[in-house]
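Asker: What follows is a structure written as structure tokens; I'll ask about it next.
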Amino acid sequence: MSAAPLISRASLVWLLVAQTLVMVPFWFHVPPWMVALWLGCTVWRIQVYRMRARFPGRLMELLLLLVSIGGIWLSRSSLIGLDAGAVLLVAMFILKLVETRTRRDALVLIFLGLFCVAVAYLFEDSLPWAFYSLLPVGALLAALVGLQQGSTTRPLETLRLSTTLLLQALPLMLLLFLFFPRIAPLWSLPLAIDKAQSGLSESMSPGDVAELGRSAELVFRASFDGSMPARRELYWRALTLEQFDGRRWSQAPSVNYSQAPKWQAGGESWRYSIILQASGKPWLPALDVARTDQADVHQLADYRVQRQRPVQQVLLYRAESWPQVVRDPQLSERARRQALQLPAQGDPRSRQWAAQLRQAYPQAQALVAALLKHFHDEPYYYTLKPPILGADSIDAFLFDSRQGFCAHYAGAMVYVLRAAGVPARMVAGYQGGELNPAGHFLTVRQFDAHAWVEYWQDGQGWRSVDPTYAVAPQRIDQGLEQALAADEDMLGASSLSLLRYQRLTWLNDLRQSWDNLNYAWQRRVLGYQGDQQLQLLGRWFGDLTAWALPVGLVVILGLLSLLLLRPWRNTGDPSLRVFAAFEKLLCRRGLVREPGEGPQAFGERAARQLPRQAENINAFVQSFVAQRYAGQTPSMDALQQRLRSLRRSLGSSIWE
């Protein structure tokens, strides 16, 4: 059997606890076999401690490593990349426990655990995880404390001390958070494609939007400077879809989106902030017509706002929108052809009806009004569960089923307008949002996904119109739940959502309070980046430049170092002051206490090298040890008197 472990029982206990706590947030991000590997390694290490198993040999360690790497390769198809790298790190953290023999091994394991906690923020950065992460950090710190203490120390004693140290570090953590220059954090790196959240895509069919209508997943939160627009004005543009293949709408491949749109700011504007959840997509929801001052965000030719790289983590951005401006009063021939594009064949009844409408209403505005009146007067129905449409989907919807979601109405209207010679396109995004009275912000979820129509009129540019409002005005004025009051499957994809219980006032108030707390976390903590940091500190200290932050941080850390590392930090104890004078006295005679050398061992060595003063040295050391460690209480006068006797015997002044 193997020899007893060289690390204390308290430290091993907290290493096992810490590894369990670290593994919890990774359970949904690592292959299932890794959970079995963790359980097996944990049981193995416990048996080693109980002297019922041996530490793995070199061959077994190599075999475990190769099996783990092979498993990661099979499950992730690569060993390179953030996702595979995170899984590999967790695997090393698990395997290291089995071979942990010495304090050095335990230190490596603790540092690996702390790094795993940081890597977990790549997958989860919510407020609950921030609180939970204190548990594995506390356990790892308790293991570190256990390494420095004796083998008889109890686990609860190390936990008590580690908790005290963690609480003492909180003020320093707060200072570092406020003043440390905000550089791009580790968790801004792109995640794997399969980690991207669901949402709008670059191409869509009516059924895609209907599926989003059953999801309560959070998309973004928005707060306005000043009064909030009316709900019917909250159309959050995300994409402009101009290409139709008979079934799906998508972005036009031939349009030059790098060209700036033609409009000029004017009139009243809305200023607001948006906290966008990770989507894996580059576009940013905004009200028309929007402009933002972020360096990596641009407004494209189709008036959507897009970032240079995908949104992989929570993003805070500010925008200003002008709803009354004229957009593209003149349309280029290329853009006109794109806005009139239709498949060469298909939907003959819709084409014929469009020709009739064009003859009856030669003006674009009148034709649009006729279409809206048709949707309002005829028996059309708004539903998340429309029947399946055939090959000619527009004909089947307009003349047969007459049941559909917003994308059905928007797609059919764009088709008819184009067939009638009116440039038109579909806009996809979100409409409305739930108002949080406590935080005075809007919460927009996936079921707020919406599609509407833009048509172009000479001299007036692009104009927005929503055929859904003609069929189900309650969808725009009140929200999807009111529009689908009889549709029991509205939240089919979110069966555990508290939104199902909005009629319970106390539960709804609790949900909104928690939502308000999460909004504050995302805005004040996750959103505390470069610009926000300079703005906050600028309000406190006046105008700041970027270089002032690192300089101020160096000054603060320097003052803290002086406070914590000052040479007189232990002078509060009179006996330690006297012993420091004793060390100084012998140091002048060439005797320096070695690191880790106790007072008694130091005194014995000094007595051997200074035999004439051996009696005074031994008397002083015995008095000091008795007072400091044996619990006896000889007077300080007696201790100082023995030091004076030693000084006299060495021929030194008491003030030397």
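Convention: chains lettered A, B, ... in structure tokens order; per-chain residue numbering from 1; ligands numbered from 1 as shown.
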So which residues touch Gln457 of chain A within 8 Å, counting only C-alpha atoms, skipping near sequence neighbours fewer than 2 positions away, as a list in words?

Answerer: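 Near neighbours after the sequence-gap exclusion: Pro329, Ala364, Gln365, Val422, Pro423, Tyr455, Gly459, Gln460, Gly461, Trp462 and Arg463 of chain A.
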
Asker: Those same residues - N, CA and C atoms - I'd like them written as an mmCIF file, in the first residue's frame.

Answerer:
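Listing of part07.cif after writing:
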```cif
data_model
loop_
_atom_site.group_PDB
_atom_site.id
_atom_site.type_symbol
_atom_site.label_atom_id
_atom_site.label_comp_id
_atom_site.auth_asym_id
_atom_site.auth_seq_id
_atom_site.Cartn_x
_atom_site.Cartn_y
_atom_site.Cartn_z
ATOM 1 N N PRO A 329 -34.808 59.456 -50.250
ATOM 2 C CA PRO A 329 -35.836 60.079 -51.110
ATOM 3 C C PRO A 329 -35.682 59.702 -52.576
ATOM 4 N N ALA A 364 -48.904 54.576 -54.863
ATOM 5 C CA ALA A 364 -48.411 53.581 -53.905
ATOM 6 C C ALA A 364 -49.115 53.681 -52.563
ATOM 7 N N GLN A 365 -49.302 54.905 -52.082
ATOM 8 C CA GLN A 365 -49.914 55.079 -50.766
ATOM 9 C C GLN A 365 -51.347 54.562 -50.750
ATOM 10 N N VAL A 422 -44.544 48.255 -56.865
ATOM 11 C CA VAL A 422 -44.149 49.145 -55.773
ATOM 12 C C VAL A 422 -42.941 48.538 -55.065
ATOM 13 N N PRO A 423 -41.793 49.210 -55.033
ATOM 14 C CA PRO A 423 -40.634 48.675 -54.298
ATOM 15 C C PRO A 423 -40.979 48.449 -52.822
ATOM 16 N N TYR A 455 -42.246 50.113 -47.709
ATOM 17 C CA TYR A 455 -42.428 50.344 -49.138
ATOM 18 C C TYR A 455 -41.854 51.710 -49.484
ATOM 19 N N GLY A 459 -40.007 60.634 -53.494
ATOM 20 C CA GLY A 459 -39.989 61.876 -52.731
ATOM 21 C C GLY A 459 -40.174 61.694 -51.246
ATOM 22 N N GLN A 460 -40.773 60.585 -50.826
ATOM 23 C CA GLN A 460 -41.006 60.336 -49.400
ATOM 24 C C GLN A 460 -40.131 59.214 -48.849
ATOM 25 N N GLY A 461 -39.432 58.528 -49.740
ATOM 26 C CA GLY A 461 -38.508 57.493 -49.311
ATOM 27 C C GLY A 461 -39.206 56.270 -48.758
ATOM 28 N N TRP A 462 -38.473 55.533 -47.938
ATOM 29 C CA TRP A 462 -39.015 54.310 -47.335
ATOM 30 C C TRP A 462 -39.983 54.663 -46.204
ATOM 31 N N ARG A 463 -41.134 54.001 -46.228
ATOM 32 C CA ARG A 463 -42.162 54.221 -45.207
ATOM 33 C C ARG A 463 -42.538 52.875 -44.603
#
```

Asker: Please identify all polymer residues within 6 Å of segment 135-148 of chain A, counting only C-alpha atoms, omitting same-chain residues fewer than 4 positions from it, and present them as a list in words.

Answerer: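 What passes the distance filter is Ala10, Ser11, Trp14, Leu15, Ala18, Leu21, Val22, Ile110, Thr158, Leu159 and Ser162 of chain A.
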
Asker: I need the chosen residues saved as a PDB file, in the first residue's frame, with C-alpha atoms.

Answerer:
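Output file again.pdb is given in full below:
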```pdb
ATOM      1  CA  ALA A  10      -8.176  19.462   5.936  1.00  0.00           C
ATOM      2  CA  SER A  11      -6.549  20.521   2.690  1.00  0.00           C
ATOM      3  CA  TRP A  14     -11.432  21.132   0.705  1.00  0.00           C
ATOM      4  CA  LEU A  15      -9.721  20.134  -2.538  1.00  0.00           C
ATOM      5  CA  ALA A  18     -13.708  22.605  -4.402  1.00  0.00           C
ATOM      6  CA  LEU A  21     -18.159  22.962  -6.796  1.00  0.00           C
ATOM      7  CA  VAL A  22     -16.007  23.851  -9.801  1.00  0.00           C
ATOM      8  CA  ILE A 110      -5.588  24.964  -6.501  1.00  0.00           C
ATOM      9  CA  THR A 158      -9.521  26.378   7.756  1.00  0.00           C
ATOM     10  CA  LEU A 159     -12.880  27.377   6.289  1.00  0.00           C
ATOM     11  CA  SER A 162     -10.356  31.428   4.540  1.00  0.00           C
TER      12      SER A 162
END
```

Asker: Tell me, as a list in words, which residues lie within 10 Å of segment 67-77 of chain A, counting only C-alpha atoms; anything in the same chain fewer than 2 positions away does not count.

Answerer: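 These residues fall inside the cut-off: Val30, Pro31, Pro32, Trp33, Met34, Leu37, Glu61, Leu62, Leu63, Leu64, Leu65, Leu79, Ile80, Gly81, Asp83, Ala84, Gly85, Val87, Leu88, Ala91, Met92 and Leu95 of chain A.
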
Asker: Any idea what's packed within 10 Å of segment 514-527 of chain A, counting only C-alpha atoms, ignoring anything in its chain fewer than 6 positions away? Could you give it as a list in words?

Answerer: Asp125, Ser126, Leu127, Pro128, Ala130, Phe177, Leu178, Phe220, Arg221, Ala222, Ser273, Ile274, Ile275, Leu276, Gln277, Gln313, Val314, Leu315, Leu316, Tyr317, Asn436, Pro437, Ala438, Gly439, His440, Phe441, Thr443, Asn508 and Gln533 of chain A

Asker: Using N, CA and C atoms, can you export the residues from the last selection as a PDB file, in the first residue's frame?

Answerer:
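Contents of the output file out_10.pdb:
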```
ATOM      1  N   ASP A 125     -22.316  34.357 -17.158  1.00  0.00           N
ATOM      2  CA  ASP A 125     -21.877  35.559 -16.452  1.00  0.00           C
ATOM      3  C   ASP A 125     -23.036  36.242 -15.729  1.00  0.00           C
ATOM      4  N   SER A 126     -24.040  35.461 -15.354  1.00  0.00           N
ATOM      5  CA  SER A 126     -25.216  36.027 -14.698  1.00  0.00           C
ATOM      6  C   SER A 126     -24.930  36.324 -13.230  1.00  0.00           C
ATOM      7  N   LEU A 127     -25.863  37.021 -12.610  1.00  0.00           N
ATOM      8  CA  LEU A 127     -25.735  37.352 -11.192  1.00  0.00           C
ATOM      9  C   LEU A 127     -25.724  36.105 -10.306  1.00  0.00           C
ATOM     10  N   PRO A 128     -26.593  35.109 -10.532  1.00  0.00           N
ATOM     11  CA  PRO A 128     -26.512  33.898  -9.690  1.00  0.00           C
ATOM     12  C   PRO A 128     -25.152  33.209  -9.784  1.00  0.00           C
ATOM     13  N   ALA A 130     -22.307  34.663 -10.388  1.00  0.00           N
ATOM     14  CA  ALA A 130     -21.333  35.487  -9.677  1.00  0.00           C
ATOM     15  C   ALA A 130     -21.347  35.167  -8.186  1.00  0.00           C
ATOM     16  N   PHE A 177     -11.736  46.775  -9.147  1.00  0.00           N
ATOM     17  CA  PHE A 177     -12.831  46.810 -10.129  1.00  0.00           C
ATOM     18  C   PHE A 177     -13.089  48.225 -10.618  1.00  0.00           C
ATOM     19  N   LEU A 178     -13.047  49.182  -9.707  1.00  0.00           N
ATOM     20  CA  LEU A 178     -13.364  50.567 -10.073  1.00  0.00           C
ATOM     21  C   LEU A 178     -12.247  51.227 -10.867  1.00  0.00           C
ATOM     22  N   PHE A 220     -33.044  41.451 -25.105  1.00  0.00           N
ATOM     23  CA  PHE A 220     -32.348  42.644 -24.639  1.00  0.00           C
ATOM     24  C   PHE A 220     -33.246  43.418 -23.691  1.00  0.00           C
ATOM     25  N   ARG A 221     -32.628  44.345 -22.975  1.00  0.00           N
ATOM     26  CA  ARG A 221     -33.343  45.295 -22.133  1.00  0.00           C
ATOM     27  C   ARG A 221     -32.978  46.696 -22.592  1.00  0.00           C
ATOM     28  N   ALA A 222     -33.945  47.613 -22.531  1.00  0.00           N
ATOM     29  CA  ALA A 222     -33.730  48.971 -23.027  1.00  0.00           C
ATOM     30  C   ALA A 222     -34.289  49.974 -22.033  1.00  0.00           C
ATOM     31  N   SER A 273     -30.468  53.330 -23.972  1.00  0.00           N
ATOM     32  CA  SER A 273     -29.391  52.356 -23.774  1.00  0.00           C
ATOM     33  C   SER A 273     -29.975  50.960 -23.907  1.00  0.00           C
ATOM     34  N   ILE A 274     -29.211  50.060 -24.502  1.00  0.00           N
ATOM     35  CA  ILE A 274     -29.649  48.683 -24.693  1.00  0.00           C
ATOM     36  C   ILE A 274     -28.584  47.749 -24.124  1.00  0.00           C
ATOM     37  N   ILE A 275     -29.032  46.753 -23.372  1.00  0.00           N
ATOM     38  CA  ILE A 275     -28.163  45.671 -22.912  1.00  0.00           C
ATOM     39  C   ILE A 275     -28.589  44.428 -23.668  1.00  0.00           C
ATOM     40  N   LEU A 276     -27.782  44.033 -24.633  1.00  0.00           N
ATOM     41  CA  LEU A 276     -28.112  42.934 -25.545  1.00  0.00           C
ATOM     42  C   LEU A 276     -27.469  41.644 -25.061  1.00  0.00           C
ATOM     43  N   GLN A 277     -28.264  40.573 -25.030  1.00  0.00           N
ATOM     44  CA  GLN A 277     -27.727  39.266 -24.663  1.00  0.00           C
ATOM     45  C   GLN A 277     -26.900  38.698 -25.813  1.00  0.00           C
ATOM     46  N   GLN A 313     -20.957  38.040 -26.000  1.00  0.00           N
ATOM     47  CA  GLN A 313     -21.249  38.235 -24.585  1.00  0.00           C
ATOM     48  C   GLN A 313     -22.179  39.429 -24.444  1.00  0.00           C
ATOM     49  N   VAL A 314     -22.694  39.605 -23.242  1.00  0.00           N
ATOM     50  CA  VAL A 314     -23.608  40.713 -22.986  1.00  0.00           C
ATOM     51  C   VAL A 314     -22.965  42.028 -23.424  1.00  0.00           C
ATOM     52  N   LEU A 315     -23.706  42.818 -24.192  1.00  0.00           N
ATOM     53  CA  LEU A 315     -23.176  44.054 -24.771  1.00  0.00           C
ATOM     54  C   LEU A 315     -24.071  45.226 -24.378  1.00  0.00           C
ATOM     55  N   LEU A 316     -23.459  46.267 -23.849  1.00  0.00           N
ATOM     56  CA  LEU A 316     -24.160  47.506 -23.528  1.00  0.00           C
ATOM     57  C   LEU A 316     -23.790  48.558 -24.566  1.00  0.00           C
ATOM     58  N   TYR A 317     -24.790  49.159 -25.192  1.00  0.00           N
ATOM     59  CA  TYR A 317     -24.525  50.227 -26.154  1.00  0.00           C
ATOM     60  C   TYR A 317     -25.628  51.278 -26.068  1.00  0.00           C
ATOM     61  N   ASN A 436     -40.879  47.289 -16.989  1.00  0.00           N
ATOM     62  CA  ASN A 436     -40.603  47.001 -15.582  1.00  0.00           C
ATOM     63  C   ASN A 436     -40.785  48.290 -14.798  1.00  0.00           C
ATOM     64  N   PRO A 437     -41.846  48.410 -13.999  1.00  0.00           N
ATOM     65  CA  PRO A 437     -42.122  49.689 -13.320  1.00  0.00           C
ATOM     66  C   PRO A 437     -41.032  50.091 -12.342  1.00  0.00           C
ATOM     67  N   ALA A 438     -40.404  49.110 -11.672  1.00  0.00           N
ATOM     68  CA  ALA A 438     -39.396  49.447 -10.664  1.00  0.00           C
ATOM     69  C   ALA A 438     -38.151  50.043 -11.305  1.00  0.00           C
ATOM     70  N   GLY A 439     -37.657  49.412 -12.362  1.00  0.00           N
ATOM     71  CA  GLY A 439     -36.442  49.892 -13.008  1.00  0.00           C
ATOM     72  C   GLY A 439     -36.690  50.823 -14.168  1.00  0.00           C
ATOM     73  N   HIS A 440     -37.962  50.966 -14.587  1.00  0.00           N
ATOM     74  CA  HIS A 440     -38.344  51.824 -15.713  1.00  0.00           C
ATOM     75  C   HIS A 440     -37.523  51.464 -16.953  1.00  0.00           C
ATOM     76  N   PHE A 441     -37.555  50.188 -17.308  1.00  0.00           N
ATOM     77  CA  PHE A 441     -36.891  49.733 -18.522  1.00  0.00           C
ATOM     78  C   PHE A 441     -37.790  48.702 -19.195  1.00  0.00           C
ATOM     79  N   THR A 443     -38.184  45.051 -21.205  1.00  0.00           N
ATOM     80  CA  THR A 443     -37.603  43.730 -21.395  1.00  0.00           C
ATOM     81  C   THR A 443     -38.195  43.135 -22.665  1.00  0.00           C
ATOM     82  N   ASN A 508     -45.768  37.798  -9.941  1.00  0.00           N
ATOM     83  CA  ASN A 508     -45.320  38.672 -11.029  1.00  0.00           C
ATOM     84  C   ASN A 508     -44.439  39.797 -10.492  1.00  0.00           C
ATOM     85  N   GLN A 533     -16.396  53.483 -17.506  1.00  0.00           N
ATOM     86  CA  GLN A 533     -15.458  53.735 -16.413  1.00  0.00           C
ATOM     87  C   GLN A 533     -14.978  55.177 -16.426  1.00  0.00           C
TER      88      GLN A 533
END
```

Asker: Could you find all residues in segment 270-464 of chain A that DSSP calls alpha helix (DSSP H) from the backbone, and write them as number ranges by chain?

Answerer: A: 333-339, 348-360, 364-377, 393-395, 406-419

Asker: Okay, now the selection with C-alpha atoms, as a PDB file, in the first residue's frame?

Answerer:
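As written to disk, again_5.pdb reads:
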```pdb
ATOM      1  CA  GLU A 333     -31.804  51.638 -60.193  1.00  0.00           C
ATOM      2  CA  ARG A 334     -29.935  48.757 -58.607  1.00  0.00           C
ATOM      3  CA  ALA A 335     -31.772  49.131 -55.304  1.00  0.00           C
ATOM      4  CA  ARG A 336     -35.098  49.462 -57.154  1.00  0.00           C
ATOM      5  CA  ARG A 337     -34.530  46.196 -59.019  1.00  0.00           C
ATOM      6  CA  GLN A 338     -33.745  44.458 -55.732  1.00  0.00           C
ATOM      7  CA  ALA A 339     -36.867  45.876 -54.060  1.00  0.00           C
ATOM      8  CA  PRO A 348     -50.407  33.265 -60.038  1.00  0.00           C
ATOM      9  CA  ARG A 349     -53.512  34.380 -58.125  1.00  0.00           C
ATOM     10  CA  SER A 350     -51.489  36.860 -56.069  1.00  0.00           C
ATOM     11  CA  ARG A 351     -49.876  38.273 -59.223  1.00  0.00           C
ATOM     12  CA  GLN A 352     -53.260  38.664 -60.900  1.00  0.00           C
ATOM     13  CA  TRP A 353     -54.754  40.364 -57.838  1.00  0.00           C
ATOM     14  CA  ALA A 354     -51.759  42.714 -57.646  1.00  0.00           C
ATOM     15  CA  ALA A 355     -52.334  43.765 -61.275  1.00  0.00           C
ATOM     16  CA  GLN A 356     -55.980  44.530 -60.494  1.00  0.00           C
ATOM     17  CA  LEU A 357     -55.017  46.587 -57.454  1.00  0.00           C
ATOM     18  CA  ARG A 358     -52.465  48.513 -59.495  1.00  0.00           C
ATOM     19  CA  GLN A 359     -55.126  49.505 -61.992  1.00  0.00           C
ATOM     20  CA  ALA A 360     -57.541  50.562 -59.277  1.00  0.00           C
ATOM     21  CA  ALA A 364     -48.411  53.581 -53.905  1.00  0.00           C
ATOM     22  CA  GLN A 365     -49.914  55.079 -50.766  1.00  0.00           C
ATOM     23  CA  ALA A 366     -53.477  54.342 -51.934  1.00  0.00           C
ATOM     24  CA  LEU A 367     -52.548  50.768 -52.870  1.00  0.00           C
ATOM     25  CA  VAL A 368     -51.032  50.196 -49.421  1.00  0.00           C
ATOM     26  CA  ALA A 369     -54.178  51.566 -47.777  1.00  0.00           C
ATOM     27  CA  ALA A 370     -56.299  49.196 -49.880  1.00  0.00           C
ATOM     28  CA  LEU A 371     -54.232  46.213 -48.797  1.00  0.00           C
ATOM     29  CA  LEU A 372     -54.514  47.161 -45.123  1.00  0.00           C
ATOM     30  CA  LYS A 373     -58.285  47.575 -45.493  1.00  0.00           C
ATOM     31  CA  HIS A 374     -58.476  44.168 -47.131  1.00  0.00           C
ATOM     32  CA  PHE A 375     -56.657  42.533 -44.203  1.00  0.00           C
ATOM     33  CA  HIS A 376     -58.907  44.347 -41.754  1.00  0.00           C
ATOM     34  CA  ASP A 377     -62.257  43.684 -43.424  1.00  0.00           C
ATOM     35  CA  SER A 393     -47.443  29.696 -50.266  1.00  0.00           C
ATOM     36  CA  ILE A 394     -48.533  33.295 -50.871  1.00  0.00           C
ATOM     37  CA  ASP A 395     -51.663  32.199 -52.792  1.00  0.00           C
ATOM     38  CA  CYS A 406     -46.840  38.412 -38.501  1.00  0.00           C
ATOM     39  CA  ALA A 407     -44.355  37.070 -41.056  1.00  0.00           C
ATOM     40  CA  HIS A 408     -47.230  35.632 -43.135  1.00  0.00           C
ATOM     41  CA  TYR A 409     -48.907  39.025 -43.396  1.00  0.00           C
ATOM     42  CA  ALA A 410     -45.696  40.967 -43.968  1.00  0.00           C
ATOM     43  CA  GLY A 411     -44.404  38.515 -46.592  1.00  0.00           C
ATOM     44  CA  ALA A 412     -47.712  38.418 -48.461  1.00  0.00           C
ATOM     45  CA  MET A 413     -47.994  42.217 -48.490  1.00  0.00           C
ATOM     46  CA  VAL A 414     -44.432  42.689 -49.792  1.00  0.00           C
ATOM     47  CA  TYR A 415     -45.110  40.125 -52.503  1.00  0.00           C
ATOM     48  CA  VAL A 416     -48.296  41.850 -53.692  1.00  0.00           C
ATOM     49  CA  LEU A 417     -46.670  45.302 -53.602  1.00  0.00           C
ATOM     50  CA  ARG A 418     -43.746  44.089 -55.678  1.00  0.00           C
ATOM     51  CA  ALA A 419     -46.047  42.361 -58.130  1.00  0.00           C
TER      52      ALA A 419
END
```

Asker: Identify, on the basis of only C-alpha atoms, every residue whose closest approach to Tyr629 of chain A does not exceed 12 Å; exclude the query and any residue fewer than 4 positions from it along the same chain; express the result as a compact mmCIF listing (two decimals) with C-alpha atoms, in the first residue's frame.

Answerer:
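out38.txt, written as the output of this step:
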```
# COMPACT_ATOMS: atom_id res chain seq x y z
CA SER A 575 6.98 41.48 23.61
CA GLY A 598 12.35 29.78 16.04
CA PRO A 599 13.30 32.01 19.00
CA GLN A 600 14.60 29.09 21.12
CA VAL A 621 14.86 33.66 25.44
CA GLN A 622 13.26 31.55 28.19
CA SER A 623 11.35 34.57 29.50
CA PHE A 624 10.19 35.51 25.98
CA VAL A 625 9.07 31.95 25.11
CA THR A 633 2.67 36.20 32.04
CA PRO A 634 6.02 37.48 33.31
```

Asker: How many Å separate atom CA of Leu82 of chain A from atom CA of Phe123 of chain A?

Answerer: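 The value is 10.6 Å.
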
Asker: From segment 285-487 of chain A, collect each residue whose DSSP state is strand (DSSP E or B) and return the set as a PyMOL selection string.

Answerer: chain A and resi 286-287+290-291+297-299+305-307+315-321+327+381-382+403-404+424-431+434-436+441-445+449-457+461-465

Asker: Once you have the residues from the selection above, write them out as a JSON list (two decimals), in the first residue's frame, restricted to C-alpha atoms.

Answerer:
```json
[["chain", "number", "residue", "atom", "x", "y", "z"],
["A", 286, "ALA", "CA", -32.46, 49.63, -32.61],
["A", 287, "LEU", "CA", -35.38, 51.93, -33.37],
["A", 290, "ALA", "CA", -30.59, 54.84, -35.30],
["A", 291, "ARG", "CA", -27.07, 56.07, -34.81],
["A", 297, "VAL", "CA", -20.74, 49.66, -34.93],
["A", 298, "HIS", "CA", -22.05, 51.04, -38.23],
["A", 299, "GLN", "CA", -25.39, 51.80, -39.84],
["A", 305, "VAL", "CA", -27.19, 48.65, -37.16],
["A", 306, "GLN", "CA", -24.40, 46.11, -37.29],
["A", 307, "ARG", "CA", -21.26, 45.37, -35.33],
["A", 315, "LEU", "CA", -23.18, 44.05, -24.77],
["A", 316, "LEU", "CA", -24.16, 47.51, -23.53],
["A", 317, "TYR", "CA", -24.53, 50.23, -26.15],
["A", 318, "ARG", "CA", -26.20, 53.61, -26.46],
["A", 319, "ALA", "CA", -28.14, 54.81, -29.48],
["A", 320, "GLU", "CA", -30.17, 57.78, -30.69],
["A", 321, "SER", "CA", -33.06, 57.43, -33.13],
["A", 327, "ARG", "CA", -35.04, 57.75, -45.78],
["A", 381, "TYR", "CA", -56.86, 35.37, -38.28],
["A", 382, "TYR", "CA", -53.71, 35.88, -36.23],
["A", 403, "GLN", "CA", -54.44, 32.23, -40.90],
["A", 404, "GLY", "CA", -50.94, 33.19, -39.95],
["A", 424, "ALA", "CA", -41.03, 46.94, -50.94],
["A", 425, "ARG", "CA", -39.13, 44.78, -48.47],
["A", 426, "MET", "CA", -39.64, 42.94, -45.18],
["A", 427, "VAL", "CA", -38.10, 44.10, -41.90],
["A", 428, "ALA", "CA", -37.48, 41.58, -39.11],
["A", 429, "GLY", "CA", -36.91, 42.51, -35.51],
["A", 430, "TYR", "CA", -38.93, 42.91, -32.34],
["A", 431, "GLN", "CA", -41.98, 44.91, -31.36],
["A", 434, "GLU", "CA", -42.56, 44.45, -21.14],
["A", 435, "LEU", "CA", -42.25, 47.54, -18.96],
["A", 436, "ASN", "CA", -40.60, 47.00, -15.58],
["A", 441, "PHE", "CA", -36.89, 49.73, -18.52],
["A", 442, "LEU", "CA", -38.26, 47.46, -21.24],
["A", 443, "THR", "CA", -37.60, 43.73, -21.40],
["A", 444, "VAL", "CA", -37.79, 42.30, -24.92],
["A", 445, "ARG", "CA", -37.99, 38.53, -25.35],
["A", 449, "ALA", "CA", -40.15, 38.84, -32.55],
["A", 450, "HIS", "CA", -42.01, 40.63, -35.30],
["A", 451, "ALA", "CA", -41.98, 41.33, -39.03],
["A", 452, "TRP", "CA", -43.34, 44.38, -40.83],
["A", 453, "VAL", "CA", -43.20, 46.07, -44.23],
["A", 454, "GLU", "CA", -41.32, 48.96, -45.77],
["A", 455, "TYR", "CA", -42.43, 50.34, -49.14],
["A", 456, "TRP", "CA", -40.80, 53.10, -51.15],
["A", 457, "GLN", "CA", -42.61, 56.18, -52.47],
["A", 461, "GLY", "CA", -38.51, 57.49, -49.31],
["A", 462, "TRP", "CA", -39.02, 54.31, -47.33],
["A", 463, "ARG", "CA", -42.16, 54.22, -45.21],
["A", 464, "SER", "CA", -43.04, 51.62, -42.60],
["A", 465, "VAL", "CA", -46.40, 49.89, -42.38]]
```
